[in-house]
Amino acid sequence: MNSSAARLAMLLLLFAVTAKAQTWQKLPVNGQLFSPPTWPSERGYTRLVYDPVKQQHLYMSAENLCNVYTNALWGYNAAKNTFTMLTWSGSFPNHRICNTPAAPDTATYPGDRHPYHTQIYDTLRSRLVIYSGAEALENCQGTGHGICNFPDTYHYFSSSGVVSTPGLGWTQDCGLNANLPACAPGTRQEGAMTYDGVQDLIVLYGALQHGTGTSDTWVYAGGPNTWSKVTTLCSGANCVANACGKGCNSLGQRAGHSMVYDPLNRKVVLFGGYVVGAGIENDTWIYDTPSGTWTESKSVRPPAVKYPAMAFDTKRGIIWLHTGLGNPGGDDWTYNVATDTWTHMTSITGGPVPKSQDKGYIAQNTLTMDYDPVLDSLIATADDATDITKMWQISLVNIP
């Protein structure tokens with residue numbers, strides 16, 4: 001090949017690589033926070049959860065800028081970049097009104113809380129399910145100050161398409177209200193859960209209880225509304241024997257992690273998080289619900305991160321991870337369960353990098369991401385130190 005042909009080939013190769021390169025797009029705010037709000041404020045410890053019935057992303061926020069806890073449920077239309085408030089705790093939603101007390105648990109509405117990422121969508125019953133959380137404005141008896149933990153489970157049906165009456169729309173399945181059983185796992189903070197649609201079970205792992213990390217696995221059956229602890233098995237060099245009780249082996253204490261269910265391979269995937277007193281993790285674990293077995297991945301690992309943003313891509317059959325760490329080489333990775341392979345998607349750049357108004361503090365807990373199968377896009381958000389929710393989107397149409 002002569003020099004001219006070589007240069008042409010190099011230019012064609014460069015063009016091909018450049019053509020495939022993509023970057024996240026930050027969308028404009030398409031609403032207002034005030035009187036009445038048509039756009040949510042940014043809050044931490046919450047998740048974007050895709051609702052396939054209404055083809056919207058469910059997102060929990062707060063009614064004012066003074067309260068750090070969620071009490072309002074919004075639906076996000078990614079195609080139109082619009083939010084609709086679906087329900088709230090009962091007072092008029094206005095971000096300028098800061099004298100409204102935090103709402104307690106009721107039979108029809110969850111109390112104001114950090115939901116701590118434990119929100120999933122039950123596709124069989126077309127409902128959002130949230131579990132536990134905490135707030136710090138009043139104790140559980142409603143008197144004085146202190147930490148109020150919520151050992152409860154609620155669900156919200158999105159299939160009706162009707163915006164709920166304030167203070168209504170939710171159903172408590174277990175918790176503190178009369179005539180309901182207690183939720184067996186108790187209070188949980190910074191745990192993770194996902195929905196195994198094949199087994200029709202919500203899988204919950206780990207979390208903090210009174211500041212101490214837990215190492216157990218629980219499943220929730222939505223029919224009888226029953227939580228059950230699993231005596232799990234574990235396979236891998238870093239398995240911890242008797243971590244969750246005698247004869248119960250697992251990956252050990254974990255909080256601030258994420259879990260995603262892969263319906264094609266019928267496996268739950270857990271990544272990242274931290275161990276109290278031991279630092280941030282970047283390991284991957286695969287859980288098989290029928291056998292109750294955790295298996296450690298042998299793949300090359302992405303960077304360690306707390307509260308990683310993960311989503312399952314139904315078109316490609318892979319899991320996406322966005323770290324939000326601001327890596328110049330790209331923050332996006334994919335994981336293939338069948339081949340046990342993480343791949344750094346260096347052709348994708350940009351995306352949300354969480355930060356806070358507190359100098360030097362990165363609000364990693366505000367990062368969340370979901371997959372939109374209609375648009376074949378990833379949808380994400382993270383705090384950018386403005387208190388106003390900023391939505392990000394990247395099309396995957398050109399990704400094989």
# chains A, B, ... in the order shown; residues from 1 in each chain; ligands from 1
>>> select_by_dssp(residues="stretch 204-304 of chain A", states="strand (DSSP E or B)", output="JSON, numbers by chain")
{"A": [204, 205, 208, 209, 212, 213, 217, 218, 219, 220, 221, 226, 227, 228, 229, 230, 233, 234, 235, 240, 243, 245, 250, 255, 258, 259, 260, 261, 262, 267, 268, 269, 270, 271, 274, 275, 279, 280, 284, 285, 286, 287, 288, 293, 294, 295, 296]}
>>> write_last_selection(atoms="N, CA and C atoms", output="compact mmCIF listing (two decimals), in the first residue's frame")
# COMPACT_ATOMS: atom_id res chain seq x y z
N LEU A 204 -33.73 -8.45 48.12
CA LEU A 204 -33.09 -7.39 48.89
C LEU A 204 -31.80 -7.93 49.49
N TYR A 205 -30.71 -7.14 49.36
CA TYR A 205 -29.46 -7.55 50.00
C TYR A 205 -28.86 -6.41 50.82
N LEU A 208 -27.67 -0.91 55.96
CA LEU A 208 -27.27 -0.57 57.32
C LEU A 208 -28.45 -0.74 58.25
N GLN A 209 -28.16 -1.21 59.44
CA GLN A 209 -29.13 -1.21 60.52
C GLN A 209 -28.46 -0.57 61.73
N THR A 212 -24.70 -0.24 61.32
CA THR A 212 -23.92 -1.46 61.12
C THR A 212 -24.34 -2.15 59.83
N GLY A 213 -23.38 -2.57 59.03
CA GLY A 213 -23.67 -3.24 57.78
C GLY A 213 -24.26 -4.62 58.00
N THR A 217 -29.78 -11.80 52.81
CA THR A 217 -30.60 -11.74 51.61
C THR A 217 -32.05 -12.02 52.00
N TRP A 218 -32.95 -11.18 51.52
CA TRP A 218 -34.37 -11.36 51.78
C TRP A 218 -35.12 -11.36 50.45
N VAL A 219 -36.25 -12.06 50.42
CA VAL A 219 -37.12 -12.01 49.24
C VAL A 219 -38.52 -11.62 49.70
N TYR A 220 -39.20 -10.89 48.83
CA TYR A 220 -40.55 -10.40 49.13
C TYR A 220 -41.51 -10.93 48.09
N ALA A 221 -42.50 -11.69 48.54
CA ALA A 221 -43.54 -12.21 47.66
C ALA A 221 -44.70 -11.22 47.64
N THR A 226 -45.24 -10.95 51.79
CA THR A 226 -44.47 -11.59 52.85
C THR A 226 -42.97 -11.50 52.58
N TRP A 227 -42.21 -11.03 53.58
CA TRP A 227 -40.75 -11.03 53.53
C TRP A 227 -40.22 -12.32 54.16
N SER A 228 -39.20 -12.93 53.50
CA SER A 228 -38.59 -14.15 54.02
C SER A 228 -37.08 -14.07 53.87
N LYS A 229 -36.37 -14.43 54.92
CA LYS A 229 -34.91 -14.46 54.86
C LYS A 229 -34.45 -15.75 54.18
N VAL A 230 -33.42 -15.62 53.33
CA VAL A 230 -32.89 -16.77 52.60
C VAL A 230 -31.58 -17.22 53.24
N LEU A 233 -26.17 -19.67 49.86
CA LEU A 233 -24.90 -20.29 49.58
C LEU A 233 -24.02 -19.27 48.88
N CYS A 234 -22.71 -19.51 48.84
CA CYS A 234 -21.80 -18.55 48.22
C CYS A 234 -20.66 -19.28 47.53
N SER A 235 -20.28 -18.77 46.35
CA SER A 235 -19.19 -19.35 45.58
C SER A 235 -18.22 -18.25 45.16
N VAL A 240 -17.96 -15.05 52.52
CA VAL A 240 -17.80 -14.99 53.97
C VAL A 240 -18.69 -16.06 54.60
N ALA A 243 -21.84 -15.49 57.35
CA ALA A 243 -22.00 -14.04 57.40
C ALA A 243 -23.42 -13.64 57.78
N GLY A 245 -25.66 -15.72 59.44
CA GLY A 245 -26.17 -16.72 60.37
C GLY A 245 -25.47 -18.05 60.14
N SER A 250 -22.39 -15.60 52.41
CA SER A 250 -22.69 -14.54 51.46
C SER A 250 -21.43 -13.73 51.18
N ALA A 255 -23.32 -1.95 51.92
CA ALA A 255 -24.31 -0.87 51.84
C ALA A 255 -23.92 0.03 50.67
N SER A 258 -25.68 -1.38 44.28
CA SER A 258 -26.84 -1.43 43.38
C SER A 258 -27.04 -2.85 42.89
N MET A 259 -28.30 -3.18 42.60
CA MET A 259 -28.64 -4.49 42.07
C MET A 259 -29.59 -4.33 40.88
N VAL A 260 -29.38 -5.18 39.86
CA VAL A 260 -30.20 -5.18 38.65
C VAL A 260 -30.53 -6.62 38.31
N TYR A 261 -31.75 -6.86 37.83
CA TYR A 261 -32.13 -8.20 37.41
C TYR A 261 -32.00 -8.34 35.90
N ASP A 262 -31.36 -9.42 35.46
CA ASP A 262 -31.22 -9.77 34.05
C ASP A 262 -32.23 -10.86 33.74
N LYS A 267 -30.74 -13.84 36.31
CA LYS A 267 -29.80 -13.63 37.40
C LYS A 267 -29.91 -12.20 37.93
N VAL A 268 -29.64 -12.04 39.21
CA VAL A 268 -29.51 -10.73 39.84
C VAL A 268 -28.02 -10.37 39.86
N VAL A 269 -27.70 -9.14 39.52
CA VAL A 269 -26.31 -8.68 39.52
C VAL A 269 -26.16 -7.55 40.54
N LEU A 270 -25.18 -7.70 41.43
CA LEU A 270 -24.87 -6.71 42.46
C LEU A 270 -23.48 -6.13 42.18
N PHE A 271 -23.36 -4.81 42.27
CA PHE A 271 -22.06 -4.17 42.05
C PHE A 271 -21.85 -3.03 43.05
N TYR A 274 -20.10 -0.08 49.65
CA TYR A 274 -19.01 0.04 50.60
C TYR A 274 -19.25 -0.87 51.80
N VAL A 275 -18.18 -1.12 52.51
CA VAL A 275 -18.23 -1.84 53.78
C VAL A 275 -17.82 -0.86 54.86
N GLY A 279 -13.93 0.77 53.36
CA GLY A 279 -13.78 1.46 52.09
C GLY A 279 -14.79 1.06 51.03
N ILE A 280 -14.62 1.65 49.84
CA ILE A 280 -15.53 1.47 48.71
C ILE A 280 -15.11 0.24 47.91
N THR A 284 -18.26 -7.58 41.77
CA THR A 284 -19.52 -7.93 41.13
C THR A 284 -19.93 -9.31 41.62
N TRP A 285 -21.21 -9.46 41.96
CA TRP A 285 -21.74 -10.73 42.42
C TRP A 285 -23.02 -11.05 41.67
N ILE A 286 -23.19 -12.33 41.36
CA ILE A 286 -24.36 -12.80 40.63
C ILE A 286 -25.18 -13.70 41.56
N TYR A 287 -26.47 -13.41 41.64
CA TYR A 287 -27.35 -14.17 42.53
C TYR A 287 -28.37 -14.96 41.73
N ASP A 288 -28.48 -16.24 42.06
CA ASP A 288 -29.46 -17.12 41.46
C ASP A 288 -30.59 -17.32 42.47
N THR A 293 -28.02 -18.77 45.66
CA THR A 293 -26.56 -18.81 45.60
C THR A 293 -25.97 -17.51 45.06
N TRP A 294 -25.01 -16.94 45.81
CA TRP A 294 -24.22 -15.80 45.36
C TRP A 294 -22.91 -16.32 44.76
N THR A 295 -22.56 -15.83 43.55
CA THR A 295 -21.33 -16.24 42.88
C THR A 295 -20.52 -15.00 42.53
N GLU A 296 -19.26 -15.00 42.90
CA GLU A 296 -18.39 -13.85 42.62
C GLU A 296 -17.94 -13.85 41.17
>>> closest_atom_pairs(of="stretch 172-216 of chain A", to="stretch 129-133 of chain A", cutoff="8 Å", atoms="only C-alpha atoms", output="JSON lines")
{"residue": "A:Gly186", "atom": "CA", "partner": "A:Ser132", "partner_atom": "CA", "distance": 7.8}
{"residue": "A:Thr187", "atom": "CA", "partner": "A:Ser132", "partner_atom": "CA", "distance": 5.7}
{"residue": "A:Arg188", "atom": "CA", "partner": "A:Ser132", "partner_atom": "CA", "distance": 5.7}
{"residue": "A:Gln189", "atom": "CA", "partner": "A:Gly133", "partner_atom": "CA", "distance": 5.5}
>>> write_last_selection(atoms="C-alpha atoms", output="PDB file, in the first residue's frame")
ATOM      1  CA  GLY A 186     -36.775  -4.341  59.961  1.00  0.00           C
ATOM      2  CA  THR A 187     -35.413  -0.905  59.200  1.00  0.00           C
ATOM      3  CA  ARG A 188     -32.897  -0.706  56.357  1.00  0.00           C
ATOM      4  CA  GLN A 189     -30.773   2.178  55.101  1.00  0.00           C
TER       5      GLN A 189
END
>>> residues_around(residues="A:Ser41", least_positions_apart="3", cutoff="6 Å", atoms="only C-alpha atoms", output="list in words")
Asp387, Ile388 and Thr389 of chain A
>>> closest_residue(among="A:Asp331, A:Asp340, A:Glu281, A:Glu190", to="A:Gly44", atoms="only C-alpha atoms")
A:Glu190
>>> residues_around(residues="stretch 345-350 of chain A", least_positions_apart="4", cutoff="8 Å", atoms="only C-alpha atoms", output="ChimeraX atom specification")
/A:20-25,326,328-334
>>> closest_atom_pairs(of="stretch 326-388 of chain A", to="stretch 56-71 of chain A", cutoff="10 Å", atoms="only C-alpha atoms", output="JSON lines")
{"residue": "A:Thr368", "atom": "CA", "partner": "A:Tyr59", "partner_atom": "CA", "distance": 9.8}
{"residue": "A:Met369", "atom": "CA", "partner": "A:His57", "partner_atom": "CA", "distance": 9.9}
{"residue": "A:Asp370", "atom": "CA", "partner": "A:His57", "partner_atom": "CA", "distance": 7.9}
{"residue": "A:Tyr371", "atom": "CA", "partner": "A:His57", "partner_atom": "CA", "distance": 9.1}
{"residue": "A:Asp372", "atom": "CA", "partner": "A:His57", "partner_atom": "CA", "distance": 8.3}
{"residue": "A:Val374", "atom": "CA", "partner": "A:Gln56", "partner_atom": "CA", "distance": 9.9}
{"residue": "A:Ile379", "atom": "CA", "partner": "A:His57", "partner_atom": "CA", "distance": 8.7}
{"residue": "A:Asp387", "atom": "CA", "partner": "A:Leu65", "partner_atom": "CA", "distance": 7.5}
{"residue": "A:Ile388", "atom": "CA", "partner": "A:Leu65", "partner_atom": "CA", "distance": 9.4}
>>> closest_residue(among="A:Asp384, A:Lys298, A:Asp216, A:Ala103", to="A:Gln357", atoms="only C-alpha atoms")
A:Asp384
>>> atom_distance(atom1="atom CA of A:Thr100", atom2="atom CA of A:Trp88")
12.6 Å
>>> closest_residue(among="A:Leu27, A:Val203, A:Ala134, A:Ala107", to="A:Asn81", atoms="only C-alpha atoms")
A:Leu27
>>> atom_distance(atom1="atom CA of A:Thr232", atom2="atom CA of A:Val337")
20.0 Å
>>> atom_distance(atom1="atom CA of A:Pro224", atom2="atom CA of A:Ser126")
16.0 Å
>>> residues_around(residues="A:Pro290", least_positions_apart="4", cutoff="10 Å", atoms="only C-alpha atoms", output="list in words")
Val198, Gln199, Arg266 and Lys267 of chain A
